[in-house]
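Below is one structure, written out as structure tokens, with a few remarks after it.
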Amino acid sequence: MQEACAHKGLGALLVPLVIFCLLVAGCAGKTAPGEGGGTIQGLSPYPASQNESVYVTVSGGTRDFNDDLSSLVVASLQSDLGLYPADSARDADILIDVAVRDIYVAAIGGKKINGGRALANTAMATTLGLAIGSIAGDREGALVGAGIGAVVGLGVTAMDADSSYTWQLDADVTMRRRGEKASPQPYSTTASGTNMERQDAEFALKNQLSVDVVNSLRAH
């Protein structure tokens with residue numbers, strides 16, 4: 001009886017201990033942003049002429065995220081292609097809509113995360129998923145997908161102190177001229193870095209998306 005109680009007591013202490021270790025390890029390394037990654041599903045060419053006006057809308061993220069990305073795309077198009085920002089959609093020659101579907105950790109240490117892989121203990125998976133929030137960051141709105149809890153299912157944990165984290169952005173991008181109809185294009189790009197945290201990942205992903213939009217509208 002005493003032995004059974006001892007085992008129960010050990011089990012009760014084990015979960016907090018594991019969570020503590022994960023949290024400490026998750027904060028241990030400094031981020032080295034932008035070490036790698038790249039676009040895995042790009043955009044079709046849509047050549048623009050210099051001095052055309054453009055209006056960009058972004059949805060799917062927080063207000064700050066959406067505003068920051070739309071401003072970055074417009075600024076890139078203005079500086080690289082000579083396009084200029086329109087005050088509204090009805091004043092623009094070219095309309096670009098970016099609907100962000102998700103930003104998530106796609107791989108750790110080169111091991112792809114299978115978001116559909118079930119874990120044996122759902123409660124434990126939830127607890128560990130919260131514990132490694134320093135990796136996943138706060139995911140709000142449409143920027144929430146499968147993934148981070150499945151890290152444990154693959155035997156990869158936040159204790160991989162110097163692992164390369166690959167973040168992925170999935171979106172639907174629509175580019176059209178005023179009066180035209182166009183279908184959204186699926187778009188995906190990645191950013192990788194040692195212990196890359198969400199803030200650095202978002203910066204790299206937004207930058208790569210802007211580059212890809214510019215290349216799409218560049219006259220070929």
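We label chains A, B, ... in the order they appear in the structure tokens, count residues from 1 in each chain, and number ligands from 1 in the order shown.
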
Would you write out, as JSON lines, a table of all residues in region 28-75 of chain A that have an atom no more than 9 Å from an atom of region 79-89 of chain A, listing for each the closest atom pair and the distance in Å to one decimal, considering only C-alpha atoms and ordering rows by chain and rising residue number?
{"residue": "A:Ala48", "atom": "CA", "partner": "A:Leu81", "partner_atom": "CA", "distance": 8.2}
{"residue": "A:Ser49", "atom": "CA", "partner": "A:Leu83", "partner_atom": "CA", "distance": 7.7}
{"residue": "A:Gln50", "atom": "CA", "partner": "A:Gly82", "partner_atom": "CA", "distance": 5.1}
{"residue": "A:Asn51", "atom": "CA", "partner": "A:Leu83", "partner_atom": "CA", "distance": 4.8}
{"residue": "A:Glu52", "atom": "CA", "partner": "A:Leu83", "partner_atom": "CA", "distance": 5.2}
{"residue": "A:Ser53", "atom": "CA", "partner": "A:Tyr84", "partner_atom": "CA", "distance": 4.8}
{"residue": "A:Val54", "atom": "CA", "partner": "A:Pro85", "partner_atom": "CA", "distance": 5.1}
{"residue": "A:Tyr55", "atom": "CA", "partner": "A:Ala86", "partner_atom": "CA", "distance": 5.4}
{"residue": "A:Val56", "atom": "CA", "partner": "A:Ala89", "partner_atom": "CA", "distance": 8.1}
{"residue": "A:Thr57", "atom": "CA", "partner": "A:Ala89", "partner_atom": "CA", "distance": 8.9}
{"residue": "A:Val74", "atom": "CA", "partner": "A:Pro85", "partner_atom": "CA", "distance": 6.4}
{"residue": "A:Ala75", "atom": "CA", "partner": "A:Ser79", "partner_atom": "CA", "distance": 6.1}

Region 170-187 of chain A environment, 8 Å, only C-alpha atoms, sequence neighbours closer than 5 positions dropped, as an mmCIF file with C-alpha atoms, in the first residue's frame:
data_model
loop_
_atom_site.group_PDB
_atom_site.id
_atom_site.type_symbol
_atom_site.label_atom_id
_atom_site.label_comp_id
_atom_site.auth_asym_id
_atom_site.auth_seq_id
_atom_site.Cartn_x
_atom_site.Cartn_y
_atom_site.Cartn_z
ATOM 1 C CA ILE A 40 7.754 25.918 -51.367
ATOM 2 C CA GLN A 41 4.642 27.004 -53.243
ATOM 3 C CA GLY A 42 5.093 30.287 -55.078
ATOM 4 C CA LEU A 43 2.969 32.726 -57.053
ATOM 5 C CA TYR A 46 1.381 38.801 -62.890
ATOM 6 C CA ARG A 90 -11.700 51.346 -55.789
ATOM 7 C CA ALA A 92 -6.278 50.966 -57.304
ATOM 8 C CA ASP A 93 -5.134 49.545 -60.622
ATOM 9 C CA ILE A 94 -3.998 46.317 -58.954
ATOM 10 C CA LEU A 95 -5.643 44.622 -55.982
ATOM 11 C CA ILE A 96 -3.747 42.095 -53.860
ATOM 12 C CA ASP A 97 -5.457 40.092 -51.137
ATOM 13 C CA VAL A 98 -3.459 37.883 -48.771
ATOM 14 C CA ALA A 99 -5.543 35.526 -46.628
ATOM 15 C CA VAL A 100 -3.188 33.941 -44.101
ATOM 16 C CA ARG A 101 -4.326 30.449 -43.146
ATOM 17 C CA ASP A 102 -1.687 29.548 -40.590
ATOM 18 C CA ILE A 103 1.795 30.069 -39.190
#

>> Please report the interatomic distance between CA of Leu69 (chain A) and CA of Lys111 (chain A) in Å with one decimal.
In response: 28.8 Å

>> Please extract the residues of region 159-215 of chain A with a backbone DSSP assignment of strand (DSSP E) and present them as a ChimeraX atom specification.
In response: /A:164-177,185-194

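Nearest to Lys206 (chain A) of all the residues A:Ala219, A:Leu72, A:Leu77, A:Val105 is A:Leu72, based on only C-alpha atoms.
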
>> Please compute the CA of Arg218 (chain A)-CA of Ser70 (chain A) distance, one decimal, in Å.
In response: 17.9 Å

>> Please determine, counting only C-alpha atoms, which residue among A:Ser59, A:Val73, A:Phe65, A:Thr39 has the shortest atom-to-atom distance to Val213 (chain A).
In response: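 Using only C-alpha atoms, Val213 (chain A) sits closest to A:Val73.
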
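With distances restricted to only C-alpha atoms, A:Tyr165 is the closest residue to Asn195 (chain A) from A:Tyr165, A:Ser44, A:Gly109, A:Gly60.
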
> Which is closer to Asn207 (chain A) than all the others in A:Ala107, A:Gly61, A:Ser76, A:Asn66, using only C-alpha atoms?
Replying inline: A:Ser76

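The two atoms in question, CA of Leu217 (chain A) and CA of Gly193 (chain A), are spaced 28.7 Å apart.
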
> Got a sec: who's within 10 Å of Gln208 (chain A), counting only C-alpha atoms, leaving out chain neighbours fewer than 4 positions off, as JSON, numbers by chain?
Replying inline: {"A": [37, 38, 39, 73, 169, 189, 190, 191, 202, 203, 204, 212, 213, 214]}

Output of the above residues as a short mmCIF file (atom, residue, chain, number, x, y, z; two decimals), in the first residue's frame, restricted to all heavy atoms:
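Ended up saving to out-v1.cif:
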data_model
loop_
_atom_site.label_atom_id
_atom_site.label_comp_id
_atom_site.auth_asym_id
_atom_site.auth_seq_id
_atom_site.Cartn_x
_atom_site.Cartn_y
_atom_site.Cartn_z
N GLY A 37 15.42 28.37 -45.04
CA GLY A 37 14.02 28.30 -45.42
C GLY A 37 13.86 28.79 -46.84
O GLY A 37 14.83 29.06 -47.55
N GLY A 38 12.64 28.89 -47.29
CA GLY A 38 12.39 29.34 -48.65
C GLY A 38 10.99 28.99 -49.08
O GLY A 38 10.28 28.24 -48.41
N THR A 39 10.58 29.54 -50.19
CA THR A 39 9.22 29.34 -50.69
C THR A 39 9.07 27.94 -51.27
O THR A 39 9.90 27.49 -52.06
CB THR A 39 8.89 30.40 -51.76
OG1 THR A 39 9.00 31.69 -51.15
CG2 THR A 39 7.50 30.22 -52.31
N VAL A 73 4.37 44.78 -47.90
CA VAL A 73 4.18 44.43 -49.31
C VAL A 73 4.09 45.69 -50.17
O VAL A 73 4.73 45.79 -51.23
CB VAL A 73 2.93 43.55 -49.49
CG1 VAL A 73 2.63 43.34 -50.98
CG2 VAL A 73 3.11 42.20 -48.81
N LEU A 169 4.48 29.44 -43.24
CA LEU A 169 3.32 30.30 -43.44
C LEU A 169 2.54 29.77 -44.63
O LEU A 169 3.11 29.57 -45.71
CB LEU A 169 3.75 31.74 -43.69
CG LEU A 169 2.64 32.78 -43.94
CD1 LEU A 169 3.11 34.16 -43.46
CD2 LEU A 169 2.26 32.87 -45.42
N THR A 189 5.51 29.36 -47.58
CA THR A 189 6.94 29.63 -47.48
C THR A 189 7.42 29.28 -46.08
O THR A 189 6.61 29.18 -45.15
CB THR A 189 7.25 31.11 -47.81
OG1 THR A 189 8.66 31.27 -47.97
CG2 THR A 189 6.76 32.04 -46.71
N THR A 190 8.72 29.08 -45.93
CA THR A 190 9.27 28.68 -44.63
C THR A 190 10.43 29.59 -44.23
O THR A 190 11.04 30.26 -45.07
CB THR A 190 9.77 27.23 -44.65
OG1 THR A 190 10.84 27.10 -45.60
CG2 THR A 190 8.65 26.27 -45.01
N ALA A 191 10.72 29.57 -42.94
CA ALA A 191 11.89 30.25 -42.39
C ALA A 191 12.48 29.35 -41.32
O ALA A 191 11.74 28.77 -40.52
CB ALA A 191 11.50 31.60 -41.79
N GLU A 202 8.06 35.27 -37.84
CA GLU A 202 7.09 36.13 -38.52
C GLU A 202 7.80 37.17 -39.38
O GLU A 202 7.38 37.44 -40.51
CB GLU A 202 6.17 36.81 -37.51
CG GLU A 202 5.13 35.88 -36.92
CD GLU A 202 4.11 36.64 -36.06
OE1 GLU A 202 4.25 37.88 -35.94
OE2 GLU A 202 3.20 36.00 -35.54
N PHE A 203 8.86 37.77 -38.85
CA PHE A 203 9.61 38.77 -39.61
C PHE A 203 10.14 38.16 -40.91
O PHE A 203 10.00 38.75 -41.99
CB PHE A 203 10.76 39.30 -38.76
CG PHE A 203 11.66 40.27 -39.48
CD1 PHE A 203 11.33 41.61 -39.55
CD2 PHE A 203 12.83 39.85 -40.09
CE1 PHE A 203 12.15 42.52 -40.22
CE2 PHE A 203 13.65 40.73 -40.76
CZ PHE A 203 13.30 42.07 -40.82
N ALA A 204 10.76 36.99 -40.81
CA ALA A 204 11.35 36.34 -41.99
C ALA A 204 10.28 35.90 -42.98
O ALA A 204 10.46 36.05 -44.20
CB ALA A 204 12.20 35.15 -41.56
N ASP A 212 8.30 37.54 -52.79
CA ASP A 212 7.63 36.71 -53.79
C ASP A 212 6.54 37.49 -54.52
O ASP A 212 6.32 37.28 -55.72
CB ASP A 212 7.05 35.47 -53.14
CG ASP A 212 8.14 34.50 -52.70
OD1 ASP A 212 9.23 34.53 -53.29
OD2 ASP A 212 7.91 33.70 -51.77
N VAL A 213 5.84 38.38 -53.82
CA VAL A 213 4.84 39.22 -54.49
C VAL A 213 5.53 40.15 -55.48
O VAL A 213 5.07 40.33 -56.62
CB VAL A 213 4.01 40.01 -53.45
CG1 VAL A 213 3.14 41.05 -54.16
CG2 VAL A 213 3.14 39.07 -52.62
N VAL A 214 6.63 40.75 -55.08
CA VAL A 214 7.39 41.63 -55.97
C VAL A 214 7.83 40.87 -57.22
O VAL A 214 7.68 41.35 -58.35
CB VAL A 214 8.60 42.24 -55.25
CG1 VAL A 214 9.55 42.91 -56.25
CG2 VAL A 214 8.16 43.25 -54.21
#
